[in-house]
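Source file: my_file20.cif (mmCIF, C-alpha atoms)
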```cif
data_model
#
loop_
_atom_site.label_atom_id
_atom_site.label_comp_id
_atom_site.auth_asym_id
_atom_site.auth_seq_id
_atom_site.Cartn_x
_atom_site.Cartn_y
_atom_site.Cartn_z
CA MET O 708 68.66 165.03 47.56
CA LEU O 709 64.90 164.70 47.67
CA SER O 710 63.09 167.08 45.33
CA GLU O 711 61.18 169.94 46.94
CA SER O 712 57.80 168.70 45.74
CA SER O 713 58.45 165.15 46.94
CA ALA O 714 59.75 166.40 50.29
CA ALA O 715 56.45 168.18 50.93
CA VAL O 716 54.45 165.05 50.06
CA VAL O 717 56.66 162.75 52.15
CA THR O 718 56.46 165.11 55.13
CA ALA O 719 52.66 165.16 54.92
CA THR O 720 52.29 161.40 54.56
CA LEU O 721 55.08 160.29 56.89
CA PRO O 722 52.76 159.89 59.95
CA ALA O 723 50.51 157.49 58.01
CA VAL O 724 53.43 155.46 56.70
CA GLN O 725 54.94 155.34 60.19
CA ALA O 726 51.65 154.24 61.77
CA HIS O 727 51.26 151.41 59.26
CA GLY O 728 54.96 150.66 58.78
CA GLU O 729 55.00 147.09 60.01
CA ALA O 730 51.83 146.22 58.09
CA ILE O 731 53.50 147.60 54.95
CA THR O 732 56.76 145.72 55.43
CA GLY O 733 54.93 142.55 56.42
CA ARG O 734 52.93 142.69 53.20
CA PHE O 735 56.11 143.54 51.27
CA TYR O 736 57.86 140.36 52.40
CA GLN O 737 54.79 138.25 51.61
CA ARG O 738 54.60 139.65 48.08
CA MET O 739 58.31 139.47 47.34
CA PHE O 740 58.83 135.93 48.61
CA ALA O 741 55.74 134.70 46.74
CA ALA O 742 57.11 136.16 43.50
CA HIS O 743 60.78 135.37 44.18
CA PRO O 744 61.06 132.42 46.58
CA GLU O 745 64.78 132.20 45.81
CA LEU O 746 65.26 135.38 47.87
CA LEU O 747 64.31 133.44 51.01
CA ASP O 748 67.88 132.13 50.84
CA LEU O 749 69.16 135.63 51.67
CA PHE O 750 66.94 136.40 54.65
CA ASN O 751 67.18 135.22 58.24
CA ARG O 752 64.10 133.05 58.67
CA GLY O 753 64.30 133.32 62.44
CA ASN O 754 63.96 137.11 62.27
CA GLN O 755 61.13 136.67 59.77
CA ALA O 756 59.34 134.33 62.18
CA THR O 757 59.59 136.72 65.15
CA GLY O 758 58.68 139.82 63.15
CA GLN O 759 61.99 141.52 63.96
CA GLN O 760 62.91 141.92 60.30
CA LYS O 761 59.74 143.70 59.24
CA ALA O 762 59.93 145.99 62.29
CA ALA O 763 63.54 146.87 61.51
CA LEU O 764 62.80 147.57 57.84
CA ALA O 765 59.82 149.77 58.70
CA ALA O 766 61.90 151.76 61.17
CA ALA O 767 64.73 152.17 58.65
CA VAL O 768 62.48 153.41 55.84
CA VAL O 769 60.76 155.92 58.13
CA ALA O 770 64.08 157.10 59.58
CA TYR O 771 65.58 157.61 56.14
CA ALA O 772 62.53 159.59 55.02
CA GLU O 773 62.86 161.76 58.14
CA HIS O 774 66.53 162.28 57.28
CA LEU O 775 65.71 163.38 53.73
CA THR O 776 63.03 165.80 54.88
CA GLY O 777 65.15 167.35 57.62
CA GLY O 778 63.22 165.78 60.47
CA SER O 779 66.20 163.88 61.89
CA SER O 780 69.69 164.93 62.91
CA VAL O 781 71.05 161.37 62.94
CA PRO O 782 74.12 161.16 60.65
CA TRP O 783 73.23 158.65 57.95
CA GLY O 784 76.68 157.95 56.54
CA PRO O 785 77.58 155.41 59.27
CA VAL O 786 74.13 153.80 59.05
CA LEU O 787 74.42 153.38 55.28
CA ASP O 788 77.94 151.98 55.64
CA ARG O 789 76.67 149.40 58.12
CA ILE O 790 73.83 148.34 55.82
CA ALA O 791 76.16 148.20 52.81
CA HIS O 792 78.64 145.94 54.59
CA LYS O 793 75.83 143.59 55.62
CA HIS O 794 74.48 143.53 52.08
CA ALA O 795 77.92 142.90 50.60
CA SER O 796 78.47 139.99 52.96
CA LEU O 797 75.25 138.45 51.59
CA GLY O 798 76.19 139.04 47.96
CA ILE O 799 73.31 141.47 47.33
CA THR O 800 73.37 142.72 43.72
CA ALA O 801 72.20 145.92 42.06
CA ALA O 802 69.74 143.87 40.00
CA GLN O 803 67.82 142.94 43.16
CA TYR O 804 66.99 146.53 44.10
CA PRO O 805 64.26 146.97 41.45
CA ILE O 806 62.58 143.81 42.76
CA VAL O 807 62.57 145.16 46.29
CA GLY O 808 61.37 148.58 45.17
CA ARG O 809 58.53 147.19 43.08
CA HIS O 810 57.12 145.04 45.88
CA LEU O 811 57.69 147.64 48.58
CA MET O 812 55.75 150.29 46.67
CA ALA O 813 53.00 147.81 45.86
CA ALA O 814 52.73 146.97 49.56
CA VAL O 815 52.40 150.68 50.42
CA GLY O 816 49.49 150.92 47.98
CA GLU O 817 47.79 147.79 49.27
CA VAL O 818 47.98 148.85 52.92
CA LEU O 819 47.20 152.56 52.57
CA GLY O 820 44.71 152.17 49.73
CA ASP O 821 43.22 155.28 48.13
CA ALA O 822 45.50 157.53 50.20
CA VAL O 823 48.31 156.58 47.83
CA THR O 824 47.70 158.93 44.95
CA PRO O 825 50.09 158.97 41.97
CA GLU O 826 51.79 161.97 43.58
CA VAL O 827 52.29 160.12 46.88
CA ALA O 828 53.54 157.00 45.11
CA ALA O 829 56.05 159.01 43.09
CA ALA O 830 57.37 160.79 46.18
CA TRP O 831 57.94 157.59 48.15
CA ASP O 832 59.42 155.91 45.10
CA GLU O 833 61.95 158.75 45.01
CA VAL O 834 62.80 158.10 48.68
CA TYR O 835 63.39 154.45 47.95
CA TRP O 836 65.62 155.04 44.96
CA LEU O 837 67.72 157.65 46.73
CA LEU O 838 68.39 155.06 49.42
CA ALA O 839 68.96 152.28 46.88
CA CYS O 840 71.42 154.27 44.79
CA GLU O 841 73.48 155.20 47.83
CA LEU O 842 73.67 151.56 48.88
CA ILE O 843 74.42 150.26 45.38
CA ALA O 844 77.37 152.65 45.09
CA ARG O 845 78.77 151.72 48.49
CA GLU O 846 78.35 148.01 47.84
CA ALA O 847 80.10 148.25 44.47
CA ARG O 848 83.12 149.81 46.17
CA LEU O 849 83.16 147.09 48.83
CA TYR O 850 83.08 144.34 46.20
CA THR O 851 85.99 145.96 44.37
CA VAL O 852 88.10 146.23 47.53
CA ALA O 853 87.29 142.61 48.43
CA GLY O 854 88.38 141.43 44.99
CA VAL O 855 84.93 140.20 43.95
CA PRO O 856 84.82 140.34 40.13
CA GLU O 857 81.97 142.23 38.50
CA GLY O 858 79.12 139.79 38.10
CA GLY O 859 80.98 137.25 40.21
CA THR O 860 80.09 135.65 43.51
CA VAL O 861 81.20 136.52 47.02
CA TRP O 862 81.27 132.85 48.01
CA ARG O 863 84.47 130.85 48.36
CA ASP O 864 84.89 127.30 49.63
CA TRP O 865 86.78 126.96 52.92
CA ARG O 866 87.81 123.68 54.53
CA VAL O 867 87.33 123.11 58.24
CA THR O 868 90.82 122.38 59.57
CA GLY O 869 90.03 122.37 63.28
CA ARG O 870 87.13 122.21 65.69
CA ALA O 871 87.27 123.08 69.40
CA ARG O 872 84.49 122.81 71.95
CA GLU O 873 84.76 126.04 73.97
CA THR O 874 81.72 125.64 76.24
CA ALA O 875 78.56 123.54 76.27
CA ASP O 876 77.00 125.91 73.69
CA VAL O 877 80.02 127.37 71.88
CA VAL O 878 82.31 125.82 69.30
CA SER O 879 85.26 127.31 67.38
CA LEU O 880 85.99 126.34 63.79
CA THR O 881 89.31 127.06 62.09
CA LEU O 882 89.15 127.33 58.32
CA ALA O 883 91.52 127.48 55.35
CA PRO O 884 90.75 128.13 51.67
CA ALA O 885 89.81 124.84 50.01
CA ASP O 886 91.70 125.86 46.88
CA GLY O 887 94.95 126.24 48.81
CA GLY O 888 95.08 129.95 48.04
CA ALA O 889 96.05 132.82 50.25
CA VAL O 890 94.17 133.62 53.44
CA PRO O 891 92.89 137.22 53.11
CA GLY O 892 93.64 139.77 55.79
CA PHE O 893 90.98 141.40 57.89
CA THR O 894 90.54 144.07 60.55
CA PRO O 895 89.61 142.96 64.08
CA GLY O 896 85.90 143.59 64.38
CA GLN O 897 85.08 142.34 60.89
CA TYR O 898 82.88 139.33 60.20
CA VAL O 899 82.22 136.77 57.50
CA SER O 900 78.99 135.30 56.23
CA VAL O 901 78.61 131.53 56.33
CA ALA O 902 76.11 129.94 53.93
CA VAL O 903 74.78 126.46 54.64
CA ASP O 904 72.33 124.23 52.79
CA LEU O 905 69.51 123.11 55.05
CA ASP O 906 68.52 119.48 55.34
CA GLY O 907 65.64 118.19 53.27
CA GLY O 908 66.07 120.64 50.43
CA ARG O 909 64.83 123.54 52.54
CA GLY O 910 67.14 125.98 50.83
CA GLN O 911 70.06 128.03 52.05
CA GLN O 912 70.52 130.17 55.12
CA ILE O 913 73.27 132.70 55.82
CA ARG O 914 74.59 134.07 59.10
CA GLN O 915 77.41 136.44 59.99
CA TYR O 916 80.10 135.53 62.51
CA SER O 917 82.91 137.73 63.76
CA LEU O 918 86.40 136.47 63.06
CA SER O 919 87.80 135.58 66.47
CA GLY O 920 91.41 134.77 65.61
CA ARG O 921 94.49 136.81 64.74
CA PRO O 922 94.67 138.70 61.45
CA GLY O 923 97.59 137.50 59.37
CA ALA O 924 97.38 133.89 60.52
CA ASP O 925 97.33 131.00 58.02
CA HIS O 926 93.67 130.38 58.81
CA TRP O 927 90.47 132.10 59.85
CA ARG O 928 88.56 131.24 63.01
CA ILE O 929 84.91 131.73 63.87
CA THR O 930 83.45 131.04 67.31
CA VAL O 931 79.78 130.11 67.15
CA LYS O 932 77.20 130.07 69.94
CA ARG O 933 74.35 127.65 69.45
CA VAL O 934 71.10 129.60 69.37
CA ARG O 935 68.39 127.74 71.27
CA GLY O 936 64.77 128.62 70.62
CA THR O 937 62.76 130.60 73.15
CA GLY O 938 59.11 131.64 72.86
CA ASP O 939 58.36 132.57 69.26
CA ALA O 940 62.02 132.39 68.25
CA PRO O 941 63.04 129.01 66.76
CA ASP O 942 66.39 127.28 67.21
CA GLY O 943 69.11 128.89 65.14
CA MET O 944 69.20 127.07 61.80
CA VAL O 945 72.82 127.81 60.95
CA SER O 946 74.30 127.62 64.45
CA THR O 947 72.58 124.25 65.02
CA HIS O 948 73.94 122.99 61.69
CA LEU O 949 77.47 124.11 62.54
CA HIS O 950 77.29 122.50 65.97
CA GLU O 951 75.70 119.20 64.92
CA ARG O 952 76.71 118.57 61.30
CA VAL O 953 80.10 120.15 60.58
CA ALA O 954 83.32 118.24 61.22
CA VAL O 955 87.00 118.63 60.39
CA GLY O 956 87.47 118.08 56.67
CA ASP O 957 84.07 119.45 55.70
CA THR O 958 83.70 122.44 53.39
CA LEU O 959 81.80 125.66 54.10
CA ARG O 960 80.97 128.62 51.87
CA LEU O 961 82.26 131.90 53.27
CA SER O 962 82.14 135.49 52.09
CA PRO O 963 85.09 137.86 52.27
CA ALA O 964 85.52 139.73 55.54
CA PHE O 965 83.25 142.75 55.82
CA GLY O 966 82.29 145.18 58.57
CA GLU O 967 82.82 148.90 58.90
CA VAL O 968 83.80 148.80 62.57
CA SER O 969 87.37 148.39 63.81
CA ALA O 970 87.76 146.87 67.26
CA VAL O 971 91.26 148.32 67.78
CA GLY O 972 90.57 152.03 67.34
CA ASP O 973 93.22 154.44 66.17
CA GLY O 974 95.87 154.18 68.85
CA GLY O 975 95.96 155.23 72.49
CA PRO O 976 94.01 153.57 75.32
CA LEU O 977 91.41 151.02 74.29
CA LEU O 978 88.32 149.70 76.08
CA LEU O 979 86.83 146.43 74.84
CA ALA O 980 83.43 145.81 76.45
CA SER O 981 81.65 142.59 75.59
CA ALA O 982 79.00 140.19 76.82
CA GLY O 983 78.40 136.55 75.97
CA ILE O 984 79.46 135.57 72.47
CA GLY O 985 80.09 139.27 71.79
CA LEU O 986 83.62 138.61 73.01
CA THR O 987 84.70 137.33 69.58
CA PRO O 988 85.84 140.64 68.03
CA ALA O 989 87.57 141.55 71.30
CA MET O 990 89.59 138.33 71.14
CA ALA O 991 90.65 139.12 67.57
CA ALA O 992 91.65 142.61 68.71
CA LEU O 993 93.73 141.30 71.61
CA ALA O 994 95.49 138.73 69.43
CA HIS O 995 96.25 141.44 66.87
CA LEU O 996 97.59 143.89 69.45
CA ALA O 997 99.75 141.20 71.08
CA ALA O 998 101.43 140.75 67.69
CA VAL O 999 101.80 144.35 66.53
CA GLU O 1000 101.28 146.75 69.47
CA PRO O 1001 102.00 144.84 72.70
CA GLU O 1002 102.52 147.94 74.88
CA ARG O 1003 99.03 149.30 74.16
CA GLU O 1004 96.95 150.15 77.24
CA VAL O 1005 93.85 147.93 77.02
CA VAL O 1006 90.92 147.19 79.32
CA LEU O 1007 88.77 144.13 78.65
CA ALA O 1008 85.41 144.29 80.45
CA HIS O 1009 83.40 141.13 79.82
CA ALA O 1010 80.07 139.93 81.21
CA ASP O 1011 78.80 136.35 81.08
CA ARG O 1012 76.43 133.96 82.78
CA ALA O 1013 79.25 132.08 84.52
CA GLY O 1014 82.91 131.25 84.17
CA ALA O 1015 82.00 127.95 82.55
CA ALA O 1016 79.99 129.85 79.89
CA HIS O 1017 82.84 132.26 79.12
CA ALA O 1018 84.18 131.03 75.79
CA LEU O 1019 87.89 131.47 74.97
CA ARG O 1020 88.66 132.45 78.56
CA HIS O 1021 91.57 130.01 78.54
CA GLU O 1022 93.35 132.21 75.98
CA LEU O 1023 93.39 135.33 78.14
CA SER O 1024 96.26 134.41 80.48
CA ALA O 1025 98.61 133.87 77.52
CA LEU O 1026 97.46 137.17 76.02
CA GLN O 1027 98.15 138.93 79.31
CA GLU O 1028 101.74 137.69 79.18
CA ARG O 1029 102.14 139.32 75.77
CA LEU O 1030 100.11 142.41 76.64
CA PRO O 1031 101.57 143.73 79.91
CA ASN O 1032 99.13 146.66 79.98
CA LEU O 1033 96.01 144.52 79.58
CA ALA O 1034 93.58 144.75 82.52
CA VAL O 1035 90.74 142.20 82.65
CA HIS O 1036 87.46 142.82 84.49
CA LEU O 1037 84.82 140.08 84.51
CA TRP O 1038 81.19 140.03 85.61
CA TYR O 1039 79.61 136.61 86.12
CA GLU O 1040 75.95 136.27 87.06
CA ASP O 1041 76.94 132.97 88.69
CA ALA O 1042 80.39 133.52 90.15
CA ALA O 1043 80.66 130.04 91.68
CA ASP O 1044 83.23 129.02 89.07
CA GLY O 1045 86.25 130.97 90.26
CA GLU O 1046 89.02 128.97 88.56
CA LEU O 1047 90.88 131.42 86.32
CA ALA O 1048 93.89 129.25 85.38
CA GLY O 1049 96.54 131.89 85.94
CA LEU O 1050 94.47 134.78 84.63
CA LYS O 1051 94.86 138.03 86.55
CA ALA O 1052 91.41 139.53 86.62
CA GLU O 1053 88.84 141.25 88.79
CA VAL O 1054 85.79 139.00 89.00
CA VAL O 1055 82.54 140.60 90.15
CA PRO O 1056 79.39 138.57 90.83
CA GLY O 1057 76.16 139.71 89.19
CA LEU O 1058 75.29 141.84 86.18
CA VAL O 1059 77.73 144.30 84.70
CA ASP O 1060 78.07 147.63 86.49
CA PRO O 1061 79.25 150.19 83.92
CA GLU O 1062 80.42 152.55 86.66
CA ARG O 1063 83.08 150.00 87.61
CA ILE O 1064 84.53 149.78 84.10
CA PRO O 1065 87.86 151.66 84.12
CA LEU O 1066 88.00 154.45 81.57
CA ALA O 1067 91.28 156.06 80.56
CA PRO O 1068 91.19 159.63 79.19
CA GLY O 1069 90.86 159.63 75.42
CA ALA O 1070 90.10 155.91 75.21
CA ALA O 1071 88.62 154.38 72.10
CA VAL O 1072 85.77 151.99 72.88
CA HIS O 1073 84.43 148.90 71.13
CA LEU O 1074 81.20 147.24 72.27
CA CYS O 1075 79.76 143.90 71.23
CA GLY O 1076 77.02 141.88 72.88
CA PRO O 1077 73.25 141.87 73.32
CA VAL O 1078 71.62 145.20 72.46
CA PRO O 1079 70.40 145.90 76.06
CA PHE O 1080 73.97 145.38 77.34
CA MET O 1081 75.42 147.74 74.74
CA ASN O 1082 72.75 150.38 75.37
CA LEU O 1083 73.50 150.23 79.10
CA VAL O 1084 77.28 150.54 78.73
CA ARG O 1085 77.15 153.09 75.92
CA GLY O 1086 74.73 155.30 77.84
CA ASN O 1087 77.03 155.25 80.86
CA LEU O 1088 80.10 156.06 78.77
CA LEU O 1089 78.32 158.99 77.11
CA ARG O 1090 77.39 160.35 80.54
CA ARG O 1091 81.04 159.99 81.54
CA GLY O 1092 82.05 162.20 78.67
CA VAL O 1093 83.13 159.77 75.97
CA PRO O 1094 82.32 161.34 72.58
CA THR O 1095 79.89 159.40 70.41
CA GLU O 1096 82.48 159.04 67.65
CA ARG O 1097 84.85 157.26 70.05
CA ILE O 1098 82.35 154.46 70.72
CA ALA O 1099 82.25 151.77 68.03
CA TYR O 1100 79.85 148.86 68.26
CA GLU O 1101 78.64 145.85 66.32
CA VAL O 1102 75.00 144.75 66.22
CA PHE O 1103 74.08 141.44 64.65
CA GLY O 1104 70.53 140.98 63.50
CA PRO O 1105 68.01 143.76 62.87
CA GLY O 1106 68.48 145.59 66.18
CA MET O 1107 69.98 149.08 66.52
CA LEU O 1108 71.29 151.03 69.48
CA ARG O 1109 69.37 154.01 70.77
CA GLY O 1110 70.57 157.32 69.35
#
```

The structure given in the file should be rewritten as structure tokens.
Amino acid sequence: MLSESSAAVVTATLPAVQAHGEAITGRFYQRMFAAHPELLDLFNRGNQATGQQKAALAAAVVAYAEHLTGGSSVPWGPVLDRIAHKHASLGITAAQYPIVGRHLMAAVGEVLGDAVTPEVAAAWDEVYWLLACELIAREARLYTVAGVPEGGTVWRDWRVTGRARETADVVSLTLAPADGGAVPGFTPGQYVSVAVDLDGGRGQQIRQYSLSGRPGADHWRITVKRVRGTGDAPDGMVSTHLHERVAVGDTLRLSPAFGEVSAVGDGGPLLLASAGIGLTPAMAALAHLAAVEPEREVVLAHADRAGAAHALRHELSALQERLPNLAVHLWYEDAADGELAGLKAEVVPGLVDPERIPLAPGAAVHLCGPVPFMNLVRGNLLRRGVPTERIAYEVFGPGMLRG
């Protein structure tokens, strides 16, 4: 809990910090990477290039300060859990938090200048360390559950045992532990980090990918969309590497499975709403339910550019045979490709219409896809009476859904 004296200072200075938030976080990253270039290996360089990362960090710091001072009613437990799972998947350590804190506070001083008195600096330092201590504790628990030894690494070598071209821009990789050891279990909706070494000695980059296969299988599967550059956003470094450079027999470094969101809910009717490559956790959920709860009432509502762009669509007809209460609803912007290969589904041309998504009373919901898609569907479901706590979602990258 923030001390009373610090709360008063933070409340008074919050507007200035908010107004200059992105300048502060931009300067923070410059300082930290100059002093610790090895930390570049942990950060998404694409998000750094577009400015998304500094915007997200600025918003998070301000929102947490508002939470501590009573200016926000947003429950922070779920937000902290999400951040902790992301950090754990990257192998963030407690020893890195002082580095971040030192450079963040220095950046505040450089941007705000004389306004940062010793009293102001101490108050914002308290905010940072309250946040850091909460995350360090959560991350320590996650490492213990995942079997990561204290002081050990999250990374394990996995061998690529299969490669399947799903669409022109999507490939699936099946993986098994290179040491021949056991394949860990996971919950549908969880993801793994994949670390790759960039060509030309440019360091390491890490990305998270949802596990798209069945829990309990003798392998893991990730399904990766190639990220093509647009505007200020460059081509995806890791997705391009996985598409162009990785073959059967190669070895990749993977983290344990992390992610606080379950895609299967807690029983009863289930709605899986996805768009584009956001279908991956839904496919893991369907495969899991076909094995352990085949009578479950499930609706899959998926939106894509076209049938030819809909990765893993060929698996749905077999899943329908094993899940008799699975209803499939598809939205294709280009509905010219109508070949469904035995799949029983409603296919609607155009963008997704949330009003047409069937909603059973008491349904649990899982969303995954671009943030605008999830905001659209989630907003509609809330208006239709679905409680906030019944809507789970996964956001990759620095974006967040609207409250």

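Each of O:Ser919, O:Gln760, O:Thr881, O:Ser962 was checked against His794 of chain O using only C-alpha atoms; the smallest atom-to-atom distance is that of O:Ser962.
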
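Considering the residues O:Ala980, O:His810, O:Arg738, O:Ile790 and counting all atoms listed in the file, Arg845 of chain O has its shortest atom-to-atom contact with O:Ile790.
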
Could you spell out the hits of the PyMOL selection byres ((chain O and resi 896-912) around 6) on the shown file, as a count of residues only? 20

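The closest residue to Thr776 of chain O, picked from O:Ala1052, O:Val716, O:Ile843, O:Ala814 and counting all atoms listed in the file, is O:Val716.
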
Could you list, as a PDB file with C-alpha atoms, in the coordinates of the input, every residue within 7 Å of segment 1068-1085 of chain O, counting only C-alpha atoms and ignoring same-chain residues fewer than 2 positions away?
```
ATOM      1  CA  ALA O 970      87.760 146.870  67.260  1.00  0.00           C
ATOM      2  CA  GLY O 972      90.570 152.030  67.340  1.00  0.00           C
ATOM      3  CA  GLY O 975      95.960 155.230  72.490  1.00  0.00           C
ATOM      4  CA  PRO O 976      94.010 153.570  75.320  1.00  0.00           C
ATOM      5  CA  LEU O 977      91.410 151.020  74.290  1.00  0.00           C
ATOM      6  CA  LEU O 978      88.320 149.700  76.080  1.00  0.00           C
ATOM      7  CA  LEU O 979      86.830 146.430  74.840  1.00  0.00           C
ATOM      8  CA  ALA O 980      83.430 145.810  76.450  1.00  0.00           C
ATOM      9  CA  SER O 981      81.650 142.590  75.590  1.00  0.00           C
ATOM     10  CA  ALA O 982      79.000 140.190  76.820  1.00  0.00           C
ATOM     11  CA  GLY O 983      78.400 136.550  75.970  1.00  0.00           C
ATOM     12  CA  ILE O 984      79.460 135.570  72.470  1.00  0.00           C
ATOM     13  CA  GLY O 985      80.090 139.270  71.790  1.00  0.00           C
ATOM     14  CA  LEU O 986      83.620 138.610  73.010  1.00  0.00           C
ATOM     15  CA  PRO O1061      79.250 150.190  83.920  1.00  0.00           C
ATOM     16  CA  LEU O1066      88.000 154.450  81.570  1.00  0.00           C
ATOM     17  CA  ASN O1087      77.030 155.250  80.860  1.00  0.00           C
ATOM     18  CA  LEU O1088      80.100 156.060  78.770  1.00  0.00           C
ATOM     19  CA  LEU O1089      78.320 158.990  77.110  1.00  0.00           C
ATOM     20  CA  ARG O1097      84.850 157.260  70.050  1.00  0.00           C
ATOM     21  CA  ILE O1098      82.350 154.460  70.720  1.00  0.00           C
ATOM     22  CA  ALA O1099      82.250 151.770  68.030  1.00  0.00           C
ATOM     23  CA  TYR O1100      79.850 148.860  68.260  1.00  0.00           C
ATOM     24  CA  GLU O1101      78.640 145.850  66.320  1.00  0.00           C
ATOM     25  CA  VAL O1102      75.000 144.750  66.220  1.00  0.00           C
ATOM     26  CA  LEU O1108      71.290 151.030  69.480  1.00  0.00           C
ATOM     27  CA  ARG O1109      69.370 154.010  70.770  1.00  0.00           C
TER      28      ARG O1109
END
```

Could N, CA and C atoms be built for segment 758-775 of chain O and written out as a compact mmCIF listing (two decimals), in the coordinates of the input?
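This went into selection32.txt:
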```txt
# COMPACT_ATOMS: atom_id res chain seq x y z
N GLY O 758 59.12 138.50 63.54
CA GLY O 758 58.68 139.82 63.15
C GLY O 758 59.73 140.90 63.31
N GLN O 759 60.93 140.53 63.77
CA GLN O 759 61.99 141.52 63.96
C GLN O 759 62.40 142.18 62.65
N GLN O 760 62.43 141.38 61.58
CA GLN O 760 62.91 141.92 60.30
C GLN O 760 61.97 142.97 59.75
N LYS O 761 60.67 142.71 59.78
CA LYS O 761 59.74 143.70 59.24
C LYS O 761 59.72 144.96 60.10
N ALA O 762 59.88 144.81 61.42
CA ALA O 762 59.93 145.99 62.29
C ALA O 762 61.16 146.82 61.99
N ALA O 763 62.30 146.15 61.78
CA ALA O 763 63.54 146.87 61.51
C ALA O 763 63.47 147.60 60.17
N LEU O 764 62.91 146.93 59.15
CA LEU O 764 62.80 147.57 57.84
C LEU O 764 61.87 148.78 57.90
N ALA O 765 60.75 148.64 58.58
CA ALA O 765 59.82 149.77 58.70
C ALA O 765 60.49 150.95 59.38
N ALA O 766 61.23 150.68 60.46
CA ALA O 766 61.90 151.76 61.17
C ALA O 766 62.96 152.42 60.29
N ALA O 767 63.68 151.62 59.50
CA ALA O 767 64.73 152.17 58.65
C ALA O 767 64.17 153.06 57.56
N VAL O 768 63.08 152.61 56.92
CA VAL O 768 62.48 153.41 55.84
C VAL O 768 61.97 154.74 56.39
N VAL O 769 61.28 154.69 57.53
CA VAL O 769 60.76 155.92 58.13
C VAL O 769 61.90 156.85 58.53
N ALA O 770 62.95 156.28 59.14
CA ALA O 770 64.08 157.10 59.58
C ALA O 770 64.80 157.75 58.41
N TYR O 771 64.92 157.03 57.30
CA TYR O 771 65.58 157.61 56.14
C TYR O 771 64.73 158.73 55.54
N ALA O 772 63.42 158.53 55.52
CA ALA O 772 62.53 159.59 55.02
C ALA O 772 62.63 160.83 55.92
N GLU O 773 62.70 160.63 57.22
CA GLU O 773 62.86 161.76 58.14
C GLU O 773 64.18 162.47 57.87
N HIS O 774 65.22 161.70 57.60
CA HIS O 774 66.53 162.28 57.28
C HIS O 774 66.44 163.14 56.02
N LEU O 775 65.80 162.65 54.99
CA LEU O 775 65.71 163.38 53.73
C LEU O 775 64.88 164.66 53.86
```
